[in-house]
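J.: My file is structure-v5.tsv. It has TSV, C-alpha atoms and all ligand atoms:
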chain	number	residue	atom	x	y	z
A	1	MET	CA	64.84	72.59	10.87
A	2	THR	CA	64.16	71.74	14.52
A	3	TYR	CA	65.21	68.63	16.42
A	4	PRO	CA	63.05	65.74	15.16
A	5	THR	CA	60.76	63.72	17.42
A	6	PHE	CA	61.54	60.05	17.03
A	7	PRO	CA	58.89	57.40	17.80
A	8	LYS	CA	59.41	55.76	21.23
A	9	ASP	CA	60.14	52.33	19.71
A	10	CYS	CA	62.69	53.68	17.19
A	11	THR	CA	65.89	51.59	17.25
A	12	SER	CA	67.84	52.98	14.26
A	13	MET	CA	71.38	54.21	14.66
A	14	LEU	CA	70.08	57.65	13.71
A	15	CYS	CA	67.70	57.75	16.71
A	16	LYS	CA	70.38	56.34	18.98
A	17	HIS	CA	73.17	58.70	18.01
A	18	LEU	CA	71.61	62.02	16.95
A	19	SER	CA	71.31	63.73	20.33
A	20	PRO	CA	69.79	67.25	20.57
A	21	GLU	CA	73.32	68.62	21.27
A	22	LEU	CA	74.80	66.92	18.20
A	23	PHE	CA	71.86	68.13	16.11
A	24	GLU	CA	72.55	71.74	17.20
A	25	THR	CA	76.23	71.55	16.16
A	26	LEU	CA	75.45	70.03	12.73
A	27	LYS	CA	72.12	71.55	11.68
A	28	ASP	CA	73.47	74.50	9.67
A	29	LYS	CA	76.44	72.74	8.08
A	30	GLU	CA	76.64	71.72	4.45
A	31	THR	CA	79.20	70.06	2.18
A	32	ALA	CA	80.95	71.66	-0.79
A	33	ASN	CA	78.12	70.28	-2.99
A	34	GLY	CA	75.49	71.83	-0.70
A	35	PHE	CA	74.44	68.52	0.97
A	36	THR	CA	72.76	69.22	4.33
A	37	LEU	CA	72.05	67.40	7.61
A	38	GLU	CA	68.37	67.33	6.63
A	39	GLN	CA	69.30	65.31	3.53
A	40	VAL	CA	71.65	63.02	5.49
A	41	ILE	CA	68.89	61.99	7.91
A	42	ASN	CA	65.75	62.20	5.73
A	43	SER	CA	65.54	58.45	4.95
A	44	GLY	CA	65.84	57.55	8.63
A	45	LEU	CA	63.24	60.17	9.60
A	46	LYS	CA	60.70	58.99	7.02
A	47	ASN	CA	61.43	55.30	7.71
A	48	SER	CA	61.44	54.98	11.47
A	49	ASP	CA	62.03	51.20	11.11
A	50	SER	CA	65.44	51.89	9.51
A	51	GLU	CA	68.39	50.00	10.93
A	52	ILE	CA	70.82	52.81	10.14
A	53	GLY	CA	68.89	55.77	8.72
A	54	VAL	CA	71.66	58.00	7.28
A	55	TYR	CA	73.16	58.44	3.80
A	56	ALA	CA	76.10	60.51	2.51
A	57	GLY	CA	75.71	62.80	-0.51
A	58	ASP	CA	79.42	62.98	-1.24
A	59	GLU	CA	82.79	62.07	0.23
A	60	ASP	CA	82.78	65.42	2.05
A	61	SER	CA	79.65	64.35	4.01
A	62	TYR	CA	81.83	61.92	5.99
A	63	GLU	CA	84.00	64.92	7.06
A	64	VAL	CA	81.41	67.66	7.56
A	65	PHE	CA	78.98	65.37	9.43
A	66	ALA	CA	81.75	63.24	10.99
A	67	PRO	CA	80.43	63.58	14.57
A	68	LEU	CA	77.31	61.65	13.45
A	69	PHE	CA	78.80	59.35	10.80
A	70	ASP	CA	81.75	58.32	13.00
A	71	LYS	CA	79.36	57.13	15.71
A	72	VAL	CA	77.43	55.02	13.20
A	73	ILE	CA	80.65	53.72	11.64
A	74	GLU	CA	82.04	52.70	15.03
A	75	ALA	CA	78.80	50.98	16.08
A	76	TYR	CA	78.39	49.09	12.79
A	77	HIS	CA	81.98	48.14	11.85
A	78	GLY	CA	83.80	48.48	15.18
A	79	PHE	CA	86.04	51.02	13.39
A	80	SER	CA	87.24	53.98	15.48
A	81	GLN	CA	88.32	57.50	14.46
A	82	SER	CA	92.02	56.60	14.71
A	83	ASP	CA	91.71	53.41	12.60
A	84	LYS	CA	92.80	53.22	8.99
A	85	HIS	CA	91.42	50.90	6.31
A	86	HIS	CA	93.58	48.30	4.45
A	87	SER	CA	92.97	46.14	1.40
A	88	ASN	CA	93.96	42.54	0.61
A	89	LEU	CA	92.66	40.85	-2.52
A	90	ASN	CA	94.91	37.77	-2.46
A	91	ALA	CA	92.55	34.80	-3.02
A	92	ASP	CA	95.36	32.37	-2.05
A	93	GLU	CA	94.97	33.53	1.57
A	94	LEU	CA	91.33	32.40	1.80
A	95	LYS	CA	90.90	29.21	3.84
A	96	ILE	CA	87.93	27.08	2.94
A	97	ASN	CA	88.49	25.11	6.19
A	98	GLY	CA	85.60	22.72	6.84
A	99	LEU	CA	83.01	24.42	4.60
A	100	ASP	CA	80.66	21.81	3.07
A	101	GLU	CA	80.19	23.53	-0.29
A	102	GLY	CA	77.60	20.99	-1.41
A	103	TYR	CA	75.20	22.46	1.14
A	104	ILE	CA	75.23	25.90	-0.50
A	105	LEU	CA	72.63	26.79	-3.14
A	106	SER	CA	74.45	29.83	-4.58
A	107	THR	CA	77.27	32.24	-3.78
A	108	ARG	CA	77.42	35.95	-4.54
A	109	ILE	CA	80.04	38.57	-3.71
A	110	ARG	CA	79.52	42.21	-4.56
A	111	VAL	CA	81.32	45.48	-4.00
A	112	GLY	CA	79.92	49.00	-4.19
A	113	ARG	CA	81.89	51.67	-6.06
A	114	ASN	CA	81.36	55.36	-6.88
A	115	VAL	CA	83.04	57.48	-9.50
A	116	LYS	CA	85.87	59.72	-8.28
A	117	ASP	CA	85.15	63.46	-8.30
A	118	MET	CA	81.38	62.99	-8.70
A	119	PRO	CA	78.77	63.54	-5.97
A	120	LEU	CA	77.20	60.30	-4.67
A	121	GLY	CA	73.74	59.22	-5.86
A	122	SER	CA	71.81	61.31	-3.33
A	123	ALA	CA	73.37	64.53	-4.63
A	124	VAL	CA	74.20	63.76	-8.27
A	125	SER	CA	72.38	65.72	-11.00
A	126	LYS	CA	70.51	64.02	-13.83
A	127	GLU	CA	73.22	65.10	-16.28
A	128	GLN	CA	76.02	63.78	-14.07
A	129	ARG	CA	74.17	60.47	-13.60
A	130	ASN	CA	73.76	60.11	-17.38
A	131	GLU	CA	77.44	60.92	-17.85
A	132	ILE	CA	78.36	58.19	-15.35
A	133	GLU	CA	76.13	55.71	-17.19
A	134	GLU	CA	77.81	56.60	-20.48
A	135	ARG	CA	81.38	56.38	-19.11
A	136	VAL	CA	80.89	53.16	-17.16
A	137	SER	CA	78.81	51.30	-19.75
A	138	SER	CA	81.42	52.09	-22.45
A	139	ALA	CA	84.17	50.70	-20.20
A	140	LEU	CA	82.07	47.59	-19.48
A	141	ASN	CA	81.15	46.98	-23.13
A	142	ALA	CA	84.90	46.79	-23.90
A	143	LEU	CA	85.55	43.94	-21.43
A	144	GLU	CA	86.78	40.65	-22.88
A	145	GLY	CA	86.96	36.94	-22.11
A	146	GLU	CA	84.81	35.66	-19.27
A	147	LEU	CA	83.69	39.22	-18.44
A	148	GLU	CA	82.44	39.99	-21.97
A	149	GLY	CA	78.75	40.87	-22.14
A	150	GLU	CA	76.31	43.67	-22.76
A	151	TYR	CA	74.81	46.68	-20.98
A	152	TYR	CA	71.01	46.91	-20.73
A	153	ALA	CA	69.52	50.27	-19.74
A	154	LEU	CA	66.45	50.11	-17.49
A	155	LEU	CA	64.90	52.80	-19.67
A	156	GLY	CA	63.16	50.83	-22.41
A	157	MET	CA	63.51	47.42	-20.73
A	158	SER	CA	60.19	45.55	-20.84
A	159	LYS	CA	58.40	44.97	-17.53
A	160	ASN	CA	58.57	41.21	-18.18
A	161	VAL	CA	62.32	41.15	-18.59
A	162	GLN	CA	62.80	43.44	-15.59
A	163	GLU	CA	60.62	41.27	-13.35
A	164	ARG	CA	62.31	38.05	-14.47
A	165	LEU	CA	65.77	39.49	-13.77
A	166	ILE	CA	64.64	40.57	-10.28
A	167	LYS	CA	63.04	37.18	-9.53
A	168	GLU	CA	66.22	35.37	-10.60
A	169	HIS	CA	68.23	37.59	-8.21
A	170	PHE	CA	70.19	39.37	-10.95
A	171	LEU	CA	68.63	42.86	-10.90
A	172	PHE	CA	67.84	45.39	-8.16
A	173	LYS	CA	64.18	45.96	-7.31
A	174	ASP	CA	62.67	49.38	-7.86
A	175	GLY	CA	60.66	51.56	-5.49
A	176	ASP	CA	62.78	50.91	-2.37
A	177	ARG	CA	61.42	53.35	0.25
A	178	PHE	CA	64.78	53.70	2.05
A	179	LEU	CA	66.47	54.80	-1.19
A	180	GLU	CA	63.45	56.90	-2.16
A	181	TYR	CA	63.74	59.19	0.87
A	182	ALA	CA	67.51	59.34	0.51
A	183	GLY	CA	66.97	60.96	-2.91
A	184	LEU	CA	68.51	57.92	-4.59
A	185	ASN	CA	65.52	57.19	-6.84
A	186	ARG	CA	65.36	60.65	-8.45
A	187	ASP	CA	64.76	60.60	-12.24
A	188	TRP	CA	64.15	56.82	-12.16
A	189	PRO	CA	64.73	54.92	-14.49
A	190	HIS	CA	67.07	57.33	-16.29
A	191	GLY	CA	70.74	56.41	-15.98
A	192	ARG	CA	69.99	53.03	-14.37
A	193	GLY	CA	70.82	49.68	-15.90
A	194	ILE	CA	72.56	46.35	-15.68
A	195	TYR	CA	75.54	44.86	-17.47
A	196	HIS	CA	76.06	41.11	-17.48
A	197	ASN	CA	78.29	38.53	-19.13
A	198	HIS	CA	76.76	35.75	-21.21
A	199	ASP	CA	76.49	33.30	-18.27
A	200	LYS	CA	75.20	35.95	-15.81
A	201	THR	CA	78.08	35.11	-13.45
A	202	PHE	CA	79.44	38.67	-13.64
A	203	LEU	CA	77.07	41.62	-13.37
A	204	VAL	CA	77.26	45.35	-12.74
A	205	TRP	CA	74.36	47.47	-11.51
A	206	LEU	CA	74.48	51.11	-12.55
A	207	ASN	CA	73.23	54.06	-10.50
A	208	GLU	CA	71.24	52.25	-7.83
A	209	GLU	CA	72.31	52.90	-4.19
A	210	ASP	CA	75.89	53.23	-5.39
A	211	GLN	CA	76.95	54.21	-8.89
A	212	LEU	CA	78.38	50.74	-9.43
A	213	ARG	CA	77.64	47.46	-7.75
A	214	ILE	CA	80.13	44.94	-9.18
A	215	ILE	CA	78.83	41.41	-8.67
A	216	SER	CA	80.19	37.90	-9.13
A	217	MET	CA	77.75	35.04	-8.56
A	218	GLN	CA	77.04	31.44	-9.46
A	219	LYS	CA	75.15	28.35	-8.34
A	220	GLY	CA	76.82	26.20	-5.68
A	221	GLY	CA	79.45	27.02	-3.07
A	222	ASP	CA	82.73	27.64	-4.90
A	223	VAL	CA	83.62	30.83	-2.98
A	224	LEU	CA	87.17	30.96	-4.38
A	225	GLU	CA	85.97	31.00	-7.99
A	226	VAL	CA	83.39	33.71	-7.22
A	227	PHE	CA	85.97	35.84	-5.35
A	228	SER	CA	88.65	35.47	-8.05
A	229	ARG	CA	86.25	36.52	-10.81
A	230	LEU	CA	85.17	39.55	-8.78
A	231	VAL	CA	88.77	40.66	-8.14
A	232	LEU	CA	89.58	40.42	-11.85
A	233	ALA	CA	86.48	42.46	-12.74
A	234	MET	CA	87.15	45.12	-10.07
A	235	GLN	CA	90.67	45.62	-11.33
A	236	LYS	CA	89.71	45.72	-15.04
A	237	ILE	CA	86.99	48.32	-14.41
A	238	GLU	CA	89.18	50.49	-12.18
A	239	GLU	CA	91.80	50.68	-14.95
A	240	LYS	CA	89.19	52.66	-16.96
A	241	VAL	CA	87.08	54.37	-14.28
A	242	PRO	CA	88.79	55.78	-11.16
A	243	PHE	CA	86.75	55.29	-7.98
A	244	ALA	CA	86.19	57.51	-4.91
A	245	TYR	CA	88.62	56.26	-2.24
A	246	SER	CA	89.79	57.70	1.07
A	247	ASP	CA	92.95	56.69	2.94
A	248	ARG	CA	91.02	56.36	6.17
A	249	LEU	CA	87.63	55.02	5.02
A	250	GLY	CA	88.56	53.00	1.92
A	251	TYR	CA	86.00	52.98	-0.90
A	252	ILE	CA	83.38	55.68	-0.40
A	253	SER	CA	79.73	54.57	-0.47
A	254	SER	CA	76.29	56.15	-0.07
A	255	CYS	CA	75.52	54.18	3.09
A	256	PRO	CA	78.09	54.08	5.89
A	257	THR	CA	77.56	50.30	6.22
A	258	ASN	CA	79.27	49.85	2.85
A	259	LEU	CA	82.46	51.85	3.40
A	260	GLY	CA	85.93	50.27	3.21
A	261	THR	CA	85.83	47.08	1.17
A	262	ALA	CA	82.18	47.83	0.25
A	263	MET	CA	82.03	44.04	0.02
A	264	ARG	CA	79.14	41.73	0.87
A	265	ALA	CA	79.89	38.05	0.41
A	266	SER	CA	76.75	35.95	0.72
A	267	VAL	CA	75.39	32.47	0.26
A	268	HIS	CA	71.84	31.30	-0.22
A	269	ILE	CA	71.47	28.32	2.04
A	270	LYS	CA	68.63	26.14	3.35
A	271	LEU	CA	68.66	26.12	7.15
A	272	PRO	CA	65.11	25.05	8.11
A	273	ASN	CA	66.04	23.70	11.55
A	274	LEU	CA	68.08	26.72	12.58
A	275	GLY	CA	65.21	28.83	11.22
A	276	GLU	CA	63.06	27.23	13.92
A	277	ASN	CA	65.72	27.91	16.57
A	278	MET	CA	66.43	31.60	16.06
A	279	GLU	CA	68.25	32.01	19.36
A	280	GLN	CA	70.90	29.44	18.41
A	281	PHE	CA	70.97	30.81	14.85
A	282	LYS	CA	71.69	34.34	16.13
A	283	THR	CA	74.32	33.18	18.63
A	284	ILE	CA	76.34	31.79	15.72
A	285	THR	CA	75.79	34.75	13.39
A	286	GLU	CA	76.84	37.20	16.14
A	287	LYS	CA	79.99	35.20	16.91
A	288	TYR	CA	81.10	35.31	13.26
A	289	PHE	CA	79.88	38.86	12.45
A	290	LEU	CA	77.27	37.64	9.99
A	291	GLN	CA	74.02	39.19	8.79
A	292	ILE	CA	70.83	37.22	8.08
A	293	ARG	CA	68.71	38.48	5.18
A	294	GLY	CA	65.66	37.02	3.46
A	295	VAL	CA	65.77	35.21	0.15
A	296	ASN	CA	64.99	38.30	-1.94
A	297	GLY	CA	67.62	40.51	-0.31
A	298	GLU	CA	67.61	43.22	2.30
A	299	HIS	CA	64.32	43.91	4.12
A	300	THR	CA	62.75	40.66	2.77
A	301	LYS	CA	61.70	37.44	4.52
A	302	SER	CA	63.07	33.91	4.34
A	303	GLU	CA	61.07	31.45	2.22
A	304	GLU	CA	61.15	27.65	2.50
A	305	GLY	CA	63.90	27.83	5.11
A	306	ILE	CA	66.29	29.55	2.67
A	307	PHE	CA	68.38	32.42	4.07
A	308	ASP	CA	70.90	34.90	2.65
A	309	ILE	CA	73.91	34.84	5.00
A	310	SER	CA	76.69	37.40	4.58
A	311	ASN	CA	79.53	39.22	6.32
A	312	LEU	CA	78.36	42.22	8.32
A	313	ARG	CA	81.60	44.21	8.67
A	314	ARG	CA	83.10	45.82	5.58
A	315	LEU	CA	85.41	48.53	6.95
A	316	GLY	CA	88.63	48.05	8.94
A	317	ILE	CA	88.95	44.47	7.71
A	318	THR	CA	90.37	43.43	4.34
A	319	GLU	CA	88.40	41.82	1.51
A	320	VAL	CA	90.00	38.47	2.37
A	321	GLU	CA	88.95	38.84	6.02
A	322	ALA	CA	85.39	39.84	5.04
A	323	VAL	CA	85.00	36.70	2.92
A	324	GLN	CA	86.71	34.60	5.63
A	325	ASP	CA	84.09	35.83	8.17
A	326	MET	CA	81.41	34.49	5.82
A	327	ILE	CA	83.16	31.15	5.14
A	328	ASP	CA	83.87	30.37	8.81
A	329	GLY	CA	80.43	31.45	9.97
A	330	VAL	CA	78.59	29.51	7.26
A	331	ALA	CA	80.68	26.39	8.03
A	332	SER	CA	79.59	26.68	11.66
A	333	LEU	CA	75.92	27.20	10.67
A	334	ILE	CA	76.01	24.08	8.47
A	335	GLU	CA	77.42	22.00	11.34
A	336	ALA	CA	74.68	23.26	13.66
A	337	GLU	CA	71.97	22.61	11.04
A	338	LYS	CA	73.22	19.06	10.49
A	339	ALA	CA	73.21	18.38	14.24
A	340	LEU	CA	69.64	19.71	14.61
A	341	ALA	CA	68.48	17.63	11.62
A	342	GLU	CA	69.81	14.48	13.38
A	343	VAL	CA	67.81	15.33	16.50
A	344	VAL	CA	64.49	15.81	14.68
A	345	LYS	CA	64.94	12.63	12.54
B	401	LIG	P1	73.10	43.98	-2.02
B	401	LIG	O1	73.73	42.79	-1.49
B	401	LIG	O2	73.60	44.24	-3.39
B	401	LIG	O3	73.18	45.15	-1.12
B	401	LIG	P2	70.31	42.91	-1.72
B	401	LIG	O4	70.39	42.39	-0.33
B	401	LIG	O5	69.13	43.74	-2.06
B	401	LIG	O6	71.52	43.81	-2.17
B	401	LIG	O7	70.38	41.68	-2.71
B	401	LIG	C1	70.35	41.88	-4.11
B	401	LIG	C2	69.91	40.63	-4.85
B	401	LIG	O8	70.94	39.66	-4.76
B	401	LIG	C3	68.65	40.00	-4.28
B	401	LIG	O9	67.85	39.52	-5.34
B	401	LIG	C4	69.20	38.85	-3.48
B	401	LIG	O10	68.28	37.78	-3.32
B	401	LIG	C5	70.36	38.43	-4.37
B	401	LIG	N1	71.36	37.62	-3.67
B	401	LIG	C6	72.11	37.96	-2.59
B	401	LIG	N2	72.92	36.97	-2.23
B	401	LIG	C7	72.69	35.95	-3.10
B	401	LIG	C8	73.23	34.63	-3.27
B	401	LIG	N3	74.18	34.15	-2.47
B	401	LIG	N4	72.73	33.88	-4.28
B	401	LIG	C9	71.78	34.34	-5.12
B	401	LIG	N5	71.25	35.58	-5.02
B	401	LIG	C10	71.69	36.37	-4.03
B	402	LIG	C1	68.27	51.13	6.82
B	402	LIG	O1	68.73	52.04	7.51
B	402	LIG	O2	67.68	50.15	7.28
B	402	LIG	C2	68.47	51.23	5.33
B	402	LIG	N1	68.84	52.57	5.00
B	402	LIG	C3	69.54	50.24	4.88
B	402	LIG	C4	70.80	50.31	5.67
B	402	LIG	C5	71.90	49.30	5.36
B	402	LIG	N2	71.92	48.75	4.08
B	402	LIG	C6	72.46	49.25	2.97
B	402	LIG	O3	72.94	50.32	2.87
B	402	LIG	N3	72.44	48.46	1.90
If you convert what's in this file into structure tokens, what do you get?
T.:
Amino acid sequence: MTYPTFPKDCTSMLCKHLSPELFETLKDKETANGFTLEQVINSGLKNSDSEIGVYAGDEDSYEVFAPLFDKVIEAYHGFSQSDKHHSNLNADELKINGLDEGYILSTRIRVGRNVKDMPLGSAVSKEQRNEIEERVSSALNALEGELEGEYYALLGMSKNVQERLIKEHFLFKDGDRFLEYAGLNRDWPHGRGIYHNHDKTFLVWLNEEDQLRIISMQKGGDVLEVFSRLVLAMQKIEEKVPFAYSDRLGYISSCPTNLGTAMRASVHIKLPNLGENMEQFKTITEKYFLQIRGVNGEHTKSEEGIFDISNLRRLGITEVEAVQDMIDGVASLIEAEKALAEVVK
């Protein structure tokens, strides 16, 4: 492979950080599972509008290709090579402060997890993926109380049911081009599926970007209830299925943006006036380390003034701090929205 030519307007972290010199030092390396630089960067090469553009194939990728990954990790999370990740799941430390919960349409917090001693999704074999599905779905089907529910494999799910679950924000979409070129859609839909409890307030995605996405969500703005349910679920699942975890990087994920807590705490919220004043909107989201997504998730647009607002950083801060970023930032956005609404009255 020779050094790739990036389009002139390319702004991804891959284009920014993969210099010709770095490329030369990494181009012939591979991990213990045989994952190569070409595979790490393929999604970013094929999708020049990527924000990040790199994926790991295994925990070893973060070591072997560290000169590239560490640059991305530092730029995204503000986490340097000498930093170490820490966890804190104590819901009592969350401060709701001035958050007007009534303003929030729905709240969702998810974490990504991958099975210890297995390659990540980009490098896993079909047999290994099926084994993961079997192990994890058995553990999930044994959950009790509020978490009790059922696993539904994507294989054999009717198109109608699949589309309804996607529209209602419960299920991942298929055909994502970023995942496609990362090798994460191989053998689709085999090994993929969704578990949910009876109320659909606790869900687990299997073998999408990460092997597990553990999700707690509900209507309204009760962040504490959503967080507490997620913590319970994470702990119950980890008792049965050990996860890939590194002392330095925390939970290991396919995309470097999800390392550490692997947590994204989001609200769906109507902010039509801020939506018309993007400069002010972005000043607040930058101050509180928030990300703005569209109403159908990453790489989608806002509809009817509804936005998905979440914490941006996931590594080098604890779970409590990640959720606190979201709470404080959303409280500030609501205040600004209310003030703008008064002006236009
Ligand atoms: P992830 O957060 O798991 O990386 P996406 O951004 O693709 O993935 O979002 C997955 C789904 O979750 C999408 O349907 C999205 O609209 C939905 N979602 C995210 N946050 C919320 C929320 N606060 N309330 C309801 N649905 C949400
Ligand atoms: C990109 O680079 O834009 C995509 N690969 C997505 C990157 C961040 N999001 C993610 O991993 N969920």
J.: Measure the distance from atom CA of A:Leu140 to atom CA of A:Trp188 in Å and round it to one decimal.
T.: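 Straight-line distance from atom CA of A:Leu140 to atom CA of A:Trp188 works out to 21.4 Å.
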J.: Atom CA of A:Glu208 and atom CA of A:Asp308, how far apart in Å?
T.: 20.3 Å
J.: Using atom CA of A:Lys301 and atom CA of A:Thr5 as the two end points, give the distance in Å to one decimal.
T.: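 The value is 29.3 Å.
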J.: What are the nearest atom pairs, with distances in Å to one decimal, for all residues of chain A that come at most 9 Å from ligand LIG 402 (chain B), using all atoms listed in the file, set out by chain and rising residue number as CSV?
T.:
residue,atom,partner,partner_atom,distance
A:Ser12,CA,B:LIG402,O1,6.9
A:Met13,CA,B:LIG402,O1,7.9
A:Leu14,CA,B:LIG402,O1,8.5
A:Ser43,CA,B:LIG402,N1,6.7
A:Gly44,CA,B:LIG402,O1,6.3
A:Asn47,CA,B:LIG402,O1,8.0
A:Ser48,CA,B:LIG402,O1,8.8
A:Asp49,CA,B:LIG402,O2,6.9
A:Ser50,CA,B:LIG402,O2,3.6
A:Glu51,CA,B:LIG402,O2,3.7
A:Ile52,CA,B:LIG402,O1,3.4
A:Gly53,CA,B:LIG402,O1,3.9
A:Val54,CA,B:LIG402,N1,6.5
A:Tyr55,CA,B:LIG402,N1,7.4
A:Arg177,CA,B:LIG402,N1,8.8
A:Phe178,CA,B:LIG402,N1,5.1
A:Leu179,CA,B:LIG402,N1,7.0
A:Ala182,CA,B:LIG402,N1,8.2
A:Glu209,CA,B:LIG402,N3,7.5
A:Ser253,CA,B:LIG402,O3,8.7
A:Ser254,CA,B:LIG402,O3,7.3
A:Cys255,CA,B:LIG402,O3,4.6
A:Pro256,CA,B:LIG402,O3,7.1
A:Thr257,CA,B:LIG402,O3,5.7
A:Asn258,CA,B:LIG402,O3,6.3
A:Glu298,CA,B:LIG402,N3,7.1
A:His299,CA,B:LIG402,O2,7.8
J.: Contacts of A:Leu271 at 8 Å or less, counting all atoms listed in the file, minus same-chain residues fewer than 4 places along, as a PyMOL selection string?
T.: chain A and resi 275+305-307+334+337
J.: Find, counting all atoms listed in the file, the residue in A:Asp28, A:Glu134, A:Glu127, A:Glu144 that gets nearest to A:Asp187.
T.: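 Nearest candidate to A:Asp187 out of A:Asp28, A:Glu134, A:Glu127, A:Glu144: A:Glu127.
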J.: Sorted by chain and rising residue number, which residues of chain A lie within 7 Å of ligand LIG 401 (chain B), and what are their closest atom pairs and distances in Å to one decimal, counting only C-alpha atoms and all ligand atoms, as JSON lines?
T.:
{"residue": "A:Ser106", "atom": "CA", "partner": "B:LIG401", "partner_atom": "N4", "distance": 4.4}
{"residue": "A:Thr107", "atom": "CA", "partner": "B:LIG401", "partner_atom": "N3", "distance": 3.9}
{"residue": "A:Arg108", "atom": "CA", "partner": "B:LIG401", "partner_atom": "N3", "distance": 4.2}
{"residue": "A:Arg110", "atom": "CA", "partner": "B:LIG401", "partner_atom": "O2", "distance": 6.4}
{"residue": "A:Ile166", "atom": "CA", "partner": "B:LIG401", "partner_atom": "O9", "distance": 6.0}
{"residue": "A:Lys167", "atom": "CA", "partner": "B:LIG401", "partner_atom": "O9", "distance": 6.8}
{"residue": "A:Glu168", "atom": "CA", "partner": "B:LIG401", "partner_atom": "O9", "distance": 6.9}
{"residue": "A:His169", "atom": "CA", "partner": "B:LIG401", "partner_atom": "O9", "distance": 3.5}
{"residue": "A:Phe170", "atom": "CA", "partner": "B:LIG401", "partner_atom": "O9", "distance": 6.1}
{"residue": "A:Leu171", "atom": "CA", "partner": "B:LIG401", "partner_atom": "O9", "distance": 6.5}
{"residue": "A:Phe172", "atom": "CA", "partner": "B:LIG401", "partner_atom": "C1", "distance": 5.9}
{"residue": "A:Arg213", "atom": "CA", "partner": "B:LIG401", "partner_atom": "O2", "distance": 6.8}
{"residue": "A:Met217", "atom": "CA", "partner": "B:LIG401", "partner_atom": "N4", "distance": 6.7}
{"residue": "A:Arg264", "atom": "CA", "partner": "B:LIG401", "partner_atom": "O1", "distance": 6.0}
{"residue": "A:Ser266", "atom": "CA", "partner": "B:LIG401", "partner_atom": "N3", "distance": 4.5}
{"residue": "A:Val267", "atom": "CA", "partner": "B:LIG401", "partner_atom": "N3", "distance": 3.4}
{"residue": "A:His268", "atom": "CA", "partner": "B:LIG401", "partner_atom": "N3", "distance": 4.3}
{"residue": "A:Arg293", "atom": "CA", "partner": "B:LIG401", "partner_atom": "O4", "distance": 7.0}
{"residue": "A:Val295", "atom": "CA", "partner": "B:LIG401", "partner_atom": "O10", "distance": 5.0}
{"residue": "A:Asn296", "atom": "CA", "partner": "B:LIG401", "partner_atom": "O10", "distance": 3.6}
{"residue": "A:Gly297", "atom": "CA", "partner": "B:LIG401", "partner_atom": "O4", "distance": 3.3}
{"residue": "A:Glu298", "atom": "CA", "partner": "B:LIG401", "partner_atom": "O4", "distance": 3.9}
{"residue": "A:Asp308", "atom": "CA", "partner": "B:LIG401", "partner_atom": "N2", "distance": 5.7}
J.: Point out the residue among A:Glu279, A:Asp117, A:Glu133, A:Glu342 with the least atom-to-atom distance to A:Gln211, counting all atoms listed in the file.
T.: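 When distances to A:Gln211 are compared using all atoms listed in the file, the smallest one comes from A:Glu133.
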J.: What's the 12 Å shell around A:Val40, counting all atoms listed in the file, without same-chain residues fewer than 5 positions away, as a VMD selection string?
T.: chain A and resid 14 18 23 26 to 27 29 to 31 34 to 35 45 to 46 52 to 58 60 to 62 64 to 66 68 to 69 120 122 to 123 179 181 to 184 254 to 256
J.: Show me, as a short mmCIF file (atom, residue, chain, number, x, y, z; two decimals) with C-alpha atoms, keeping the file's coordinate frame, the residues that have an atom within 8 Å of A:Leu259 when counting only C-alpha atoms, minus same-chain residues fewer than 4 positions from it.
T.:
data_model
loop_
_atom_site.label_atom_id
_atom_site.label_comp_id
_atom_site.auth_asym_id
_atom_site.auth_seq_id
_atom_site.Cartn_x
_atom_site.Cartn_y
_atom_site.Cartn_z
CA LEU A 249 87.63 55.02 5.02
CA GLY A 250 88.56 53.00 1.92
CA TYR A 251 86.00 52.98 -0.90
CA ILE A 252 83.38 55.68 -0.40
CA SER A 253 79.73 54.57 -0.47
CA CYS A 255 75.52 54.18 3.09
CA ARG A 314 83.10 45.82 5.58
CA LEU A 315 85.41 48.53 6.95
#
J.: Would you mind writing stretch 336-341 of chain A with N, CA, C and O atoms, as a compact mmCIF listing (two decimals), in the frame of the given file?
T.:
# COMPACT_ATOMS: atom_id res chain seq x y z
N ALA A 336 75.80 23.17 12.72
CA ALA A 336 74.68 23.26 13.66
C ALA A 336 73.39 22.74 13.02
O ALA A 336 72.60 22.03 13.66
N GLU A 337 73.18 23.07 11.76
CA GLU A 337 71.97 22.61 11.04
C GLU A 337 71.96 21.08 10.94
O GLU A 337 70.94 20.44 11.16
N LYS A 338 73.14 20.52 10.63
CA LYS A 338 73.22 19.06 10.49
C LYS A 338 72.91 18.38 11.84
O LYS A 338 72.20 17.39 11.89
N ALA A 339 73.43 18.96 12.91
CA ALA A 339 73.21 18.38 14.24
C ALA A 339 71.72 18.45 14.61
O ALA A 339 71.15 17.48 15.11
N LEU A 340 71.07 19.58 14.31
CA LEU A 340 69.64 19.71 14.61
C LEU A 340 68.82 18.74 13.76
O LEU A 340 67.85 18.15 14.24
N ALA A 341 69.22 18.54 12.51
CA ALA A 341 68.48 17.63 11.62
C ALA A 341 68.54 16.20 12.16
O ALA A 341 67.57 15.45 12.06
